[in-house]
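What follows is the content of work.pdb, which has PDB, C-alpha atoms, pLDDT in the B column:
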ATOM      1  CA  MET U  51       0.000   0.000   0.000  1.00 53.00           C
ATOM      2  CA  THR U  52       1.462   3.332  -1.052  1.00 67.00           C
ATOM      3  CA  ILE U  53       0.209   6.173   1.098  1.00 74.00           C
ATOM      4  CA  PRO U  54       0.551   9.691  -0.246  1.00 84.00           C
ATOM      5  CA  ILE U  55       2.340  11.451   2.612  1.00 90.00           C
ATOM      6  CA  HIS U  56       3.481  15.031   2.314  1.00 92.00           C
ATOM      7  CA  ILE U  57       6.227  15.912   4.775  1.00 93.00           C
ATOM      8  CA  GLN U  58       6.981  19.557   5.448  1.00 93.00           C
ATOM      9  CA  ARG U  59       9.986  20.470   7.553  1.00 93.00           C
ATOM     10  CA  ALA U  60       9.381  24.000   8.840  1.00 93.00           C
ATOM     11  CA  CYS U  61      11.893  23.325  11.596  1.00 88.00           C
ATOM     12  CA  THR U  62      15.352  21.897  11.097  1.00 82.00           C
ATOM     13  CA  SER U  63      16.082  19.312  13.734  1.00 80.00           C
ATOM     14  CA  GLU U  64      18.913  16.798  13.562  1.00 82.00           C
ATOM     15  CA  GLU U  65      16.835  14.499  15.756  1.00 86.00           C
ATOM     16  CA  SER U  66      13.816  14.366  13.448  1.00 91.00           C
ATOM     17  CA  PRO U  67      13.310  11.076  11.622  1.00 94.00           C
ATOM     18  CA  ASP U  68      13.950  10.501   7.946  1.00 93.00           C
ATOM     19  CA  GLU U  69      11.135  10.212   5.424  1.00 93.00           C
ATOM     20  CA  ALA U  70      11.371   6.410   5.170  1.00 93.00           C
ATOM     21  CA  SER U  71      10.893   6.007   8.942  1.00 95.00           C
ATOM     22  CA  ILE U  72       7.928   8.382   8.973  1.00 95.00           C
ATOM     23  CA  ARG U  73       6.277   6.480   6.105  1.00 92.00           C
ATOM     24  CA  HIS U  74       6.904   3.154   7.832  1.00 93.00           C
ATOM     25  CA  TRP U  75       5.294   4.335  11.088  1.00 95.00           C
ATOM     26  CA  VAL U  76       2.286   5.882   9.308  1.00 94.00           C
ATOM     27  CA  THR U  77       1.735   2.646   7.378  1.00 91.00           C
ATOM     28  CA  ALA U  78       1.891   0.630  10.612  1.00 93.00           C
ATOM     29  CA  ALA U  79      -0.713   2.889  12.239  1.00 93.00           C
ATOM     30  CA  LEU U  80      -3.057   2.779   9.242  1.00 90.00           C
ATOM     31  CA  ARG U  81      -2.884  -1.020   9.050  1.00 80.00           C
ATOM     32  CA  THR U  82      -5.826  -2.133   6.917  1.00 64.00           C
ATOM     33  CA  THR U  83      -7.135   1.315   6.101  1.00 64.00           C
ATOM     34  CA  ASP U  84      -7.224   2.113   2.405  1.00 68.00           C
ATOM     35  CA  ALA U  85      -4.498   4.455   1.227  1.00 63.00           C
ATOM     36  CA  LEU U  86      -5.380   7.902   2.491  1.00 78.00           C
ATOM     37  CA  GLU U  87      -3.427  11.051   1.859  1.00 88.00           C
ATOM     38  CA  LEU U  88      -2.029  12.970   4.790  1.00 93.00           C
ATOM     39  CA  SER U  89       0.404  15.757   5.521  1.00 96.00           C
ATOM     40  CA  ILE U  90       2.910  15.909   8.347  1.00 97.00           C
ATOM     41  CA  ARG U  91       4.433  19.252   9.244  1.00 97.00           C
ATOM     42  CA  ILE U  92       7.416  19.325  11.586  1.00 97.00           C
ATOM     43  CA  VAL U  93       7.506  22.669  13.367  1.00 97.00           C
ATOM     44  CA  ASP U  94       9.305  24.670  16.037  1.00 96.00           C
ATOM     45  CA  GLU U  95       7.906  25.659  19.438  1.00 97.00           C
ATOM     46  CA  GLN U  96       6.640  29.028  18.240  1.00 97.00           C
ATOM     47  CA  GLU U  97       4.456  27.594  15.447  1.00 97.00           C
ATOM     48  CA  SER U  98       3.218  24.783  17.683  1.00 97.00           C
ATOM     49  CA  ALA U  99       2.253  27.228  20.426  1.00 97.00           C
ATOM     50  CA  GLN U 100       0.427  29.467  17.939  1.00 97.00           C
ATOM     51  CA  LEU U 101      -1.569  26.534  16.507  1.00 97.00           C
ATOM     52  CA  ASN U 102      -2.251  25.100  19.976  1.00 96.00           C
ATOM     53  CA  ARG U 103      -3.636  28.442  21.104  1.00 97.00           C
ATOM     54  CA  GLN U 104      -5.631  28.991  17.907  1.00 97.00           C
ATOM     55  CA  TYR U 105      -7.232  25.548  17.659  1.00 94.00           C
ATOM     56  CA  ARG U 106      -7.241  24.188  21.208  1.00 94.00           C
ATOM     57  CA  GLU U 107      -7.219  27.402  23.239  1.00 95.00           C
ATOM     58  CA  LYS U 108      -4.199  26.107  25.181  1.00 95.00           C
ATOM     59  CA  LEU U 109      -1.006  27.991  25.888  1.00 96.00           C
ATOM     60  CA  GLY U 110       2.434  26.776  24.877  1.00 96.00           C
ATOM     61  CA  PRO U 111       3.731  24.268  22.369  1.00 97.00           C
ATOM     62  CA  THR U 112       2.563  20.658  22.351  1.00 97.00           C
ATOM     63  CA  ASN U 113       3.995  17.440  20.948  1.00 97.00           C
ATOM     64  CA  VAL U 114       1.434  16.633  18.229  1.00 97.00           C
ATOM     65  CA  LEU U 115      -1.689  18.262  16.854  1.00 97.00           C
ATOM     66  CA  SER U 116      -4.100  16.345  14.630  1.00 96.00           C
ATOM     67  CA  PHE U 117      -6.381  17.956  12.093  1.00 95.00           C
ATOM     68  CA  PRO U 118      -8.749  15.393  10.533  1.00 92.00           C
ATOM     69  CA  PHE U 119     -10.000  16.283   7.065  1.00 91.00           C
ATOM     70  CA  ASP U 120     -13.664  17.110   7.413  1.00 83.00           C
ATOM     71  CA  ALA U 121     -14.516  19.412   4.531  1.00 79.00           C
ATOM     72  CA  VAL U 122     -17.902  19.042   2.898  1.00 77.00           C
ATOM     73  CA  VAL U 123     -17.301  17.996  -0.694  1.00 78.00           C
ATOM     74  CA  PRO U 124     -19.628  16.584  -3.383  1.00 83.00           C
ATOM     75  CA  GLU U 125     -17.721  13.292  -3.460  1.00 81.00           C
ATOM     76  CA  PRO U 126     -15.561  11.730  -0.749  1.00 76.00           C
ATOM     77  CA  LEU U 127     -11.869  12.519  -1.031  1.00 80.00           C
ATOM     78  CA  PRO U 128      -9.170  10.084   0.131  1.00 83.00           C
ATOM     79  CA  ILE U 129      -7.659  12.629   2.524  1.00 87.00           C
ATOM     80  CA  LEU U 130      -7.054  11.641   6.132  1.00 90.00           C
ATOM     81  CA  GLY U 131      -5.851  15.015   7.436  1.00 93.00           C
ATOM     82  CA  ASP U 132      -2.804  16.800   8.787  1.00 95.00           C
ATOM     83  CA  LEU U 133      -0.411  16.257  11.677  1.00 97.00           C
ATOM     84  CA  VAL U 134       1.709  19.022  13.140  1.00 98.00           C
ATOM     85  CA  ILE U 135       4.581  17.741  15.252  1.00 97.00           C
ATOM     86  CA  CYS U 136       6.803  19.997  17.359  1.00 97.00           C
ATOM     87  CA  ALA U 137      10.348  18.650  17.044  1.00 96.00           C
ATOM     88  CA  PRO U 138      11.797  20.378  20.147  1.00 96.00           C
ATOM     89  CA  VAL U 139       8.932  19.131  22.350  1.00 97.00           C
ATOM     90  CA  VAL U 140       9.285  15.543  21.099  1.00 97.00           C
ATOM     91  CA  VAL U 141      13.035  15.591  21.785  1.00 96.00           C
ATOM     92  CA  GLN U 142      12.547  17.200  25.219  1.00 96.00           C
ATOM     93  CA  GLU U 143       9.884  14.646  26.220  1.00 96.00           C
ATOM     94  CA  ALA U 144      12.030  11.724  25.073  1.00 95.00           C
ATOM     95  CA  THR U 145      14.909  12.986  27.187  1.00 94.00           C
ATOM     96  CA  GLN U 146      12.702  13.625  30.246  1.00 94.00           C
ATOM     97  CA  GLN U 147      11.107  10.183  29.938  1.00 92.00           C
ATOM     98  CA  ASN U 148      14.403   8.341  29.324  1.00 93.00           C
ATOM     99  CA  LYS U 149      13.199   7.089  25.933  1.00 93.00           C
ATOM    100  CA  SER U 150      15.053   6.921  22.664  1.00 94.00           C
ATOM    101  CA  ILE U 151      14.219   9.913  20.509  1.00 95.00           C
ATOM    102  CA  ASN U 152      13.390   7.597  17.609  1.00 95.00           C
ATOM    103  CA  ALA U 153      10.913   5.595  19.726  1.00 96.00           C
ATOM    104  CA  HIS U 154       9.187   8.765  20.885  1.00 96.00           C
ATOM    105  CA  TRP U 155       8.967  10.120  17.330  1.00 97.00           C
ATOM    106  CA  ALA U 156       7.373   6.830  16.239  1.00 97.00           C
ATOM    107  CA  HIS U 157       4.921   7.055  19.144  1.00 97.00           C
ATOM    108  CA  MET U 158       3.939  10.650  18.345  1.00 97.00           C
ATOM    109  CA  ILE U 159       3.367   9.888  14.664  1.00 97.00           C
ATOM    110  CA  ILE U 160       1.326   6.768  15.454  1.00 97.00           C
ATOM    111  CA  HIS U 161      -0.592   8.657  18.151  1.00 96.00           C
ATOM    112  CA  GLY U 162      -1.402  11.441  15.698  1.00 96.00           C
ATOM    113  CA  VAL U 163      -2.484   9.056  12.925  1.00 95.00           C
ATOM    114  CA  LEU U 164      -4.804   7.258  15.350  1.00 95.00           C
ATOM    115  CA  HIS U 165      -6.391  10.624  16.200  1.00 95.00           C
ATOM    116  CA  LEU U 166      -6.914  11.209  12.469  1.00 94.00           C
ATOM    117  CA  LEU U 167      -8.622   7.807  12.305  1.00 91.00           C
ATOM    118  CA  GLY U 168     -11.034   8.896  15.043  1.00 90.00           C
ATOM    119  CA  TYR U 169      -9.433   7.488  18.191  1.00 92.00           C
ATOM    120  CA  ASP U 170      -9.381   9.719  21.238  1.00 90.00           C
ATOM    121  CA  HIS U 171      -8.361   9.757  24.886  1.00 89.00           C
ATOM    122  CA  SER U 172     -10.968  12.132  26.302  1.00 87.00           C
ATOM    123  CA  ASN U 173     -12.178   9.567  28.839  1.00 88.00           C
ATOM    124  CA  GLU U 174     -10.696   6.547  30.605  1.00 91.00           C
ATOM    125  CA  LYS U 175     -12.303   3.911  28.355  1.00 92.00           C
ATOM    126  CA  ASP U 176     -11.219   5.652  25.141  1.00 89.00           C
ATOM    127  CA  SER U 177      -7.729   6.208  26.597  1.00 89.00           C
ATOM    128  CA  GLU U 178      -7.370   2.499  27.353  1.00 93.00           C
ATOM    129  CA  ILE U 179      -8.410   1.569  23.810  1.00 93.00           C
ATOM    130  CA  MET U 180      -6.080   4.087  22.187  1.00 94.00           C
ATOM    131  CA  GLU U 181      -3.104   3.334  24.444  1.00 95.00           C
ATOM    132  CA  SER U 182      -3.550  -0.400  23.878  1.00 95.00           C
ATOM    133  CA  LEU U 183      -3.560   0.082  20.119  1.00 95.00           C
ATOM    134  CA  GLU U 184      -0.504   2.369  20.252  1.00 95.00           C
ATOM    135  CA  THR U 185       1.339  -0.187  22.356  1.00 96.00           C
ATOM    136  CA  GLU U 186       0.432  -3.035  19.995  1.00 96.00           C
ATOM    137  CA  ILE U 187       1.629  -1.091  16.943  1.00 96.00           C
ATOM    138  CA  LEU U 188       4.857   0.072  18.607  1.00 96.00           C
ATOM    139  CA  LEU U 189       5.691  -3.409  19.903  1.00 96.00           C
ATOM    140  CA  GLY U 190       5.104  -4.706  16.359  1.00 95.00           C
ATOM    141  CA  LEU U 191       7.740  -2.214  15.200  1.00 96.00           C
ATOM    142  CA  ASP U 192      10.171  -3.461  17.881  1.00 96.00           C
ATOM    143  CA  PHE U 193       9.842  -0.350  20.038  1.00 95.00           C
ATOM    144  CA  PRO U 194       9.284  -0.615  23.803  1.00 94.00           C
ATOM    145  CA  GLU U 195       5.894  -0.044  25.422  1.00 93.00           C
ATOM    146  CA  PRO U 196       5.295   3.717  25.336  1.00 92.00           C
ATOM    147  CA  TYR U 197       3.371   4.008  28.592  1.00 88.00           C
ATOM    148  CA  LEU U 198       5.706   2.111  30.915  1.00 81.00           C
ATOM    149  CA  GLU U 199       7.147   4.334  33.594  1.00 70.00           C
ATOM    150  CA  PRO U 200      10.940   4.039  33.698  1.00 59.00           C
ATOM    151  CA  ALA U 201      12.277   3.520  37.211  1.00 51.00           C
ATOM    152  CA  GLY U 202      12.442   6.798  39.095  1.00 45.00           C
ATOM    153  CA  ASN U 203      10.743   8.731  36.333  1.00 48.00           C
ATOM    154  CA  GLU U 204       7.445  10.517  35.829  1.00 47.00           C
ATOM    155  CA  LYS U 205       4.624   8.944  33.878  1.00 49.00           C
ATOM    156  CA  PRO U 206       4.853  10.002  30.219  1.00 51.00           C
ATOM    157  CA  SER U 207       3.023  13.225  29.465  1.00 49.00           C
ATOM    158  CA  GLU U 208      -0.437  13.362  27.982  1.00 51.00           C
ATOM    159  CA  HIS U 209      -0.535  13.528  24.203  1.00 55.00           C
ATOM    160  CA  HIS U 210      -2.872  15.555  22.074  1.00 54.00           C
TER     161      HIS U 210
END
What does the file become when written as structure tokens?
Amino acid sequence: MTIPIHIQRACTSEESPDEASIRHWVTAALRTTDALELSIRIVDEQESAQLNRQYREKLGPTNVLSFPFDAVVPEPLPILGDLVICAPVVVQEATQQNKSINAHWAHMIIHGVLHLLGYDHSNEKDSEIMESLETEILLGLDFPEPYLEPAGNEKPSEHH
């Protein structure tokens, strides 16, 4: 399955993943979903904070923002939506949580794609479903469980 993925790098970060890794993680998250087009924009803290304030009415940058495609069109379009990922926040969280940066990038991309597919974590039941699916996908990619608390560390932060 070839998924049209448009990757925009508005922020240069040596720690951001290459295109092949991003495509691999998106494909893993989509699983059996028909090929849907999506865009991923990698941004700095300033752009993330501006979008977070504008669309979620929250202050400060955040790790990932998901914008499902929901335009009213005469015929359905194969567009899943857009992800905006803040590179500095992802790197900072990985460091704080004693995770590899690559594993956290994979988690954030998978987390965002699942939001685009309609999964949410607004209540405990939905959180359990989404976290279980994220864990299953990440383990299938040979990454560690994303929600395990490393010894002597805080629980990983909430994702958006």
Could you please give me, as JSON, numbers by chain, the residues of protein, DNA or RNA lying at most 12 Å from (6.6, 4.3, 11.9) in the coordinate frame of the file, considering all atoms listed in the file?
-> {"U": [67, 68, 69, 70, 71, 72, 73, 74, 75, 76, 77, 78, 79, 80, 81, 152, 153, 154, 155, 156, 157, 158, 159, 160, 161, 162, 163, 184, 187, 188, 189, 190, 191, 192, 193]}
Practice problem: Please tell me which residues are no farther than 9 Å from (4.4, 27.2, 24.2) in the file, counting only C-alpha atoms, and write them as a list in words. | Solution: Glu95, Gln96, Glu97, Ser98, Ala99, Gln100, Asn102, Arg103, Lys108, Leu109, Gly110, Pro111 and Thr112 of chain U
C-alpha atoms of the current selection, written as a PDB file, in the frame of the given file:
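File written: out35.pdb
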ATOM      1  CA  GLU U  95       7.906  25.659  19.438  1.00 97.00           C
ATOM      2  CA  GLN U  96       6.640  29.028  18.240  1.00 97.00           C
ATOM      3  CA  GLU U  97       4.456  27.594  15.447  1.00 97.00           C
ATOM      4  CA  SER U  98       3.218  24.783  17.683  1.00 97.00           C
ATOM      5  CA  ALA U  99       2.253  27.228  20.426  1.00 97.00           C
ATOM      6  CA  GLN U 100       0.427  29.467  17.939  1.00 97.00           C
ATOM      7  CA  ASN U 102      -2.251  25.100  19.976  1.00 96.00           C
ATOM      8  CA  ARG U 103      -3.636  28.442  21.104  1.00 97.00           C
ATOM      9  CA  LYS U 108      -4.199  26.107  25.181  1.00 95.00           C
ATOM     10  CA  LEU U 109      -1.006  27.991  25.888  1.00 96.00           C
ATOM     11  CA  GLY U 110       2.434  26.776  24.877  1.00 96.00           C
ATOM     12  CA  PRO U 111       3.731  24.268  22.369  1.00 97.00           C
ATOM     13  CA  THR U 112       2.563  20.658  22.351  1.00 97.00           C
TER      14      THR U 112
END
For this session: Taking the file above as input, evaluate the PyMOL selection byres ((chain U and resi 166-169) around 10) and report the hits as a ChimeraX atom specification.
Result: /U:79-80,83,88,115-119,130-133,160-165,170-172,176-177,179-181,183
Note to self: as number ranges by chain, please: the residues near U:Ala137 (cut-off 7 Å, all atoms listed in the file, same-chain neighbours under 5 positions excluded).
What the structure shows: U: 63, 66, 92-94
In terms of only C-alpha atoms, the residue from U:Cys136, U:Ile129, U:Arg106, U:Asn113 at minimal distance from U:Gln58 is U:Cys136
What separates atom CA of U:Glu65 and atom CA of U:Pro194 is a distance of 18.7 Å
Q. So which one's closest to U:Ile53, U:Val123, U:Pro128, U:Glu186, U:Glu178? Using all atoms listed in the file, please.
A.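 Looking only at the distances to U:Ile53, the closest residue turns out to be U:Pro128.
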Exercise for the section: Could you tell me how far atom CA of U:Gln104 lies from atom CA of U:Val134, in Å and to one decimal? Expected result: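 Atom-to-atom, atom CA of U:Gln104 and atom CA of U:Val134 are spaced 13.3 Å apart.
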From the list U:Leu86, U:Val141, U:Ile135, U:Ala121, the nearest residue to U:Arg59 using all atoms listed in the file is U:Ile135
Expressed in Å, the length from atom CA of U:Leu198 to atom CA of U:Ser182 is 11.9 Å
Put a box with edges along x, y and z around all the listed atoms of stretch 57-72 of chain U, pad it by 8 Å on each side, then give me its centre and sizes in Å, one decimal, as AutoDock Vina command-line options.
--center_x 12.6 --center_y 15.0 --center_z 10.3 --size_x 28.7 --size_y 34.0 --size_z 27.0
Practice prompt. Go through U:Ile55, U:Pro124, U:Ser150, U:Thr62 one by one, measure the shortest atom-to-atom distance of each to U:Ile90 using all atoms listed in the file, and give the residue with the smallest value.
Written response: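 Smallest distance to U:Ile90 is found for U:Ile55.
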How would stretch 158-197 of chain U look written as a PDB file, in the first residue's frame with N, CA and C atoms?
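Ended up saving to part.pdb:
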ATOM      1  N   MET U 158       4.699   9.427  18.637  1.00  0.00           N
ATOM      2  CA  MET U 158       3.939  10.650  18.345  1.00  0.00           C
ATOM      3  C   MET U 158       3.267  10.585  16.968  1.00  0.00           C
ATOM      4  N   ILE U 159       3.958  10.018  16.000  1.00  0.00           N
ATOM      5  CA  ILE U 159       3.367   9.888  14.664  1.00  0.00           C
ATOM      6  C   ILE U 159       2.216   8.897  14.693  1.00  0.00           C
ATOM      7  N   ILE U 160       2.398   7.764  15.345  1.00  0.00           N
ATOM      8  CA  ILE U 160       1.326   6.768  15.454  1.00  0.00           C
ATOM      9  C   ILE U 160       0.157   7.344  16.243  1.00  0.00           C
ATOM     10  N   HIS U 161       0.440   8.029  17.331  1.00  0.00           N
ATOM     11  CA  HIS U 161      -0.592   8.657  18.151  1.00  0.00           C
ATOM     12  C   HIS U 161      -1.415   9.635  17.302  1.00  0.00           C
ATOM     13  N   GLY U 162      -0.721  10.465  16.541  1.00  0.00           N
ATOM     14  CA  GLY U 162      -1.402  11.441  15.698  1.00  0.00           C
ATOM     15  C   GLY U 162      -2.249  10.793  14.621  1.00  0.00           C
ATOM     16  N   VAL U 163      -1.722   9.761  13.975  1.00  0.00           N
ATOM     17  CA  VAL U 163      -2.484   9.056  12.925  1.00  0.00           C
ATOM     18  C   VAL U 163      -3.737   8.428  13.527  1.00  0.00           C
ATOM     19  N   LEU U 164      -3.617   7.853  14.712  1.00  0.00           N
ATOM     20  CA  LEU U 164      -4.804   7.258  15.350  1.00  0.00           C
ATOM     21  C   LEU U 164      -5.859   8.328  15.634  1.00  0.00           C
ATOM     22  N   HIS U 165      -5.432   9.524  16.033  1.00  0.00           N
ATOM     23  CA  HIS U 165      -6.391  10.624  16.200  1.00  0.00           C
ATOM     24  C   HIS U 165      -7.085  10.918  14.869  1.00  0.00           C
ATOM     25  N   LEU U 166      -6.323  10.948  13.778  1.00  0.00           N
ATOM     26  CA  LEU U 166      -6.914  11.209  12.469  1.00  0.00           C
ATOM     27  C   LEU U 166      -7.922  10.123  12.087  1.00  0.00           C
ATOM     28  N   LEU U 167      -7.705   8.916  12.577  1.00  0.00           N
ATOM     29  CA  LEU U 167      -8.622   7.807  12.305  1.00  0.00           C
ATOM     30  C   LEU U 167      -9.840   7.816  13.231  1.00  0.00           C
ATOM     31  N   GLY U 168      -9.866   8.762  14.176  1.00  0.00           N
ATOM     32  CA  GLY U 168     -11.034   8.896  15.043  1.00  0.00           C
ATOM     33  C   GLY U 168     -10.850   8.419  16.469  1.00  0.00           C
ATOM     34  N   TYR U 169      -9.679   7.911  16.805  1.00  0.00           N
ATOM     35  CA  TYR U 169      -9.433   7.488  18.191  1.00  0.00           C
ATOM     36  C   TYR U 169      -9.195   8.722  19.052  1.00  0.00           C
ATOM     37  N   ASP U 170      -9.525   8.589  20.340  1.00  0.00           N
ATOM     38  CA  ASP U 170      -9.381   9.719  21.238  1.00  0.00           C
ATOM     39  C   ASP U 170      -9.027   9.203  22.631  1.00  0.00           C
ATOM     40  N   HIS U 171      -8.666  10.120  23.505  1.00  0.00           N
ATOM     41  CA  HIS U 171      -8.361   9.757  24.886  1.00  0.00           C
ATOM     42  C   HIS U 171      -9.022  10.744  25.838  1.00  0.00           C
ATOM     43  N   SER U 172     -10.255  11.134  25.495  1.00  0.00           N
ATOM     44  CA  SER U 172     -10.968  12.132  26.302  1.00  0.00           C
ATOM     45  C   SER U 172     -11.598  11.541  27.560  1.00  0.00           C
ATOM     46  N   ASN U 173     -11.702  10.211  27.615  1.00  0.00           N
ATOM     47  CA  ASN U 173     -12.178   9.567  28.839  1.00  0.00           C
ATOM     48  C   ASN U 173     -11.369   8.293  29.055  1.00  0.00           C
ATOM     49  N   GLU U 174     -11.533   7.692  30.230  1.00  0.00           N
ATOM     50  CA  GLU U 174     -10.696   6.547  30.605  1.00  0.00           C
ATOM     51  C   GLU U 174     -10.844   5.362  29.644  1.00  0.00           C
ATOM     52  N   LYS U 175     -12.072   5.053  29.251  1.00  0.00           N
ATOM     53  CA  LYS U 175     -12.303   3.911  28.355  1.00  0.00           C
ATOM     54  C   LYS U 175     -11.627   4.141  27.002  1.00  0.00           C
ATOM     55  N   ASP U 176     -11.833   5.340  26.427  1.00  0.00           N
ATOM     56  CA  ASP U 176     -11.219   5.652  25.141  1.00  0.00           C
ATOM     57  C   ASP U 176      -9.691   5.684  25.247  1.00  0.00           C
ATOM     58  N   SER U 177      -9.175   6.186  26.375  1.00  0.00           N
ATOM     59  CA  SER U 177      -7.729   6.208  26.597  1.00  0.00           C
ATOM     60  C   SER U 177      -7.159   4.795  26.601  1.00  0.00           C
ATOM     61  N   GLU U 178      -7.838   3.891  27.291  1.00  0.00           N
ATOM     62  CA  GLU U 178      -7.370   2.499  27.353  1.00  0.00           C
ATOM     63  C   GLU U 178      -7.334   1.871  25.968  1.00  0.00           C
ATOM     64  N   ILE U 179      -8.357   2.126  25.168  1.00  0.00           N
ATOM     65  CA  ILE U 179      -8.410   1.569  23.810  1.00  0.00           C
ATOM     66  C   ILE U 179      -7.269   2.128  22.967  1.00  0.00           C
ATOM     67  N   MET U 180      -7.106   3.443  23.008  1.00  0.00           N
ATOM     68  CA  MET U 180      -6.080   4.087  22.187  1.00  0.00           C
ATOM     69  C   MET U 180      -4.677   3.693  22.633  1.00  0.00           C
ATOM     70  N   GLU U 181      -4.429   3.702  23.933  1.00  0.00           N
ATOM     71  CA  GLU U 181      -3.104   3.334  24.444  1.00  0.00           C
ATOM     72  C   GLU U 181      -2.773   1.883  24.128  1.00  0.00           C
ATOM     73  N   SER U 182      -3.763   1.009  24.202  1.00  0.00           N
ATOM     74  CA  SER U 182      -3.550  -0.400  23.878  1.00  0.00           C
ATOM     75  C   SER U 182      -3.166  -0.568  22.404  1.00  0.00           C
ATOM     76  N   LEU U 183      -3.851   0.149  21.545  1.00  0.00           N
ATOM     77  CA  LEU U 183      -3.560   0.082  20.119  1.00  0.00           C
ATOM     78  C   LEU U 183      -2.171   0.660  19.817  1.00  0.00           C
ATOM     79  N   GLU U 184      -1.837   1.784  20.431  1.00  0.00           N
ATOM     80  CA  GLU U 184      -0.504   2.369  20.252  1.00  0.00           C
ATOM     81  C   GLU U 184       0.576   1.385  20.682  1.00  0.00           C
ATOM     82  N   THR U 185       0.366   0.772  21.834  1.00  0.00           N
ATOM     83  CA  THR U 185       1.339  -0.187  22.356  1.00  0.00           C
ATOM     84  C   THR U 185       1.498  -1.367  21.410  1.00  0.00           C
ATOM     85  N   GLU U 186       0.392  -1.898  20.927  1.00  0.00           N
ATOM     86  CA  GLU U 186       0.432  -3.035  19.995  1.00  0.00           C
ATOM     87  C   GLU U 186       1.212  -2.680  18.729  1.00  0.00           C
ATOM     88  N   ILE U 187       0.947  -1.517  18.171  1.00  0.00           N
ATOM     89  CA  ILE U 187       1.629  -1.091  16.943  1.00  0.00           C
ATOM     90  C   ILE U 187       3.113  -0.887  17.208  1.00  0.00           C
ATOM     91  N   LEU U 188       3.448  -0.199  18.298  1.00  0.00           N
ATOM     92  CA  LEU U 188       4.857   0.072  18.607  1.00  0.00           C
ATOM     93  C   LEU U 188       5.628  -1.210  18.913  1.00  0.00           C
ATOM     94  N   LEU U 189       5.023  -2.129  19.640  1.00  0.00           N
ATOM     95  CA  LEU U 189       5.691  -3.409  19.903  1.00  0.00           C
ATOM     96  C   LEU U 189       5.926  -4.165  18.590  1.00  0.00           C
ATOM     97  N   GLY U 190       4.962  -4.076  17.668  1.00  0.00           N
ATOM     98  CA  GLY U 190       5.104  -4.706  16.359  1.00  0.00           C
ATOM     99  C   GLY U 190       6.238  -4.107  15.531  1.00  0.00           C
ATOM    100  N   LEU U 191       6.622  -2.889  15.866  1.00  0.00           N
ATOM    101  CA  LEU U 191       7.740  -2.214  15.200  1.00  0.00           C
ATOM    102  C   LEU U 191       9.045  -2.357  15.989  1.00  0.00           C
ATOM    103  N   ASP U 192       9.013  -3.203  17.017  1.00  0.00           N
ATOM    104  CA  ASP U 192      10.171  -3.461  17.881  1.00  0.00           C
ATOM    105  C   ASP U 192      10.587  -2.267  18.728  1.00  0.00           C
ATOM    106  N   PHE U 193       9.610  -1.417  19.077  1.00  0.00           N
ATOM    107  CA  PHE U 193       9.842  -0.350  20.038  1.00  0.00           C
ATOM    108  C   PHE U 193       9.295  -0.808  21.383  1.00  0.00           C
ATOM    109  N   PRO U 194       9.804  -0.245  22.479  1.00  0.00           N
ATOM    110  CA  PRO U 194       9.284  -0.615  23.803  1.00  0.00           C
ATOM    111  C   PRO U 194       7.884  -0.035  24.034  1.00  0.00           C
ATOM    112  N   GLU U 195       7.209  -0.559  25.058  1.00  0.00           N
ATOM    113  CA  GLU U 195       5.894  -0.044  25.422  1.00  0.00           C
ATOM    114  C   GLU U 195       6.006   1.441  25.737  1.00  0.00           C
ATOM    115  N   PRO U 196       5.150   2.279  25.146  1.00  0.00           N
ATOM    116  CA  PRO U 196       5.295   3.717  25.336  1.00  0.00           C
ATOM    117  C   PRO U 196       4.805   4.235  26.677  1.00  0.00           C
ATOM    118  N   TYR U 197       3.958   3.488  27.360  1.00  0.00           N
ATOM    119  CA  TYR U 197       3.371   4.008  28.592  1.00  0.00           C
ATOM    120  C   TYR U 197       3.957   3.394  29.858  1.00  0.00           C
TER     121      TYR U 197
END
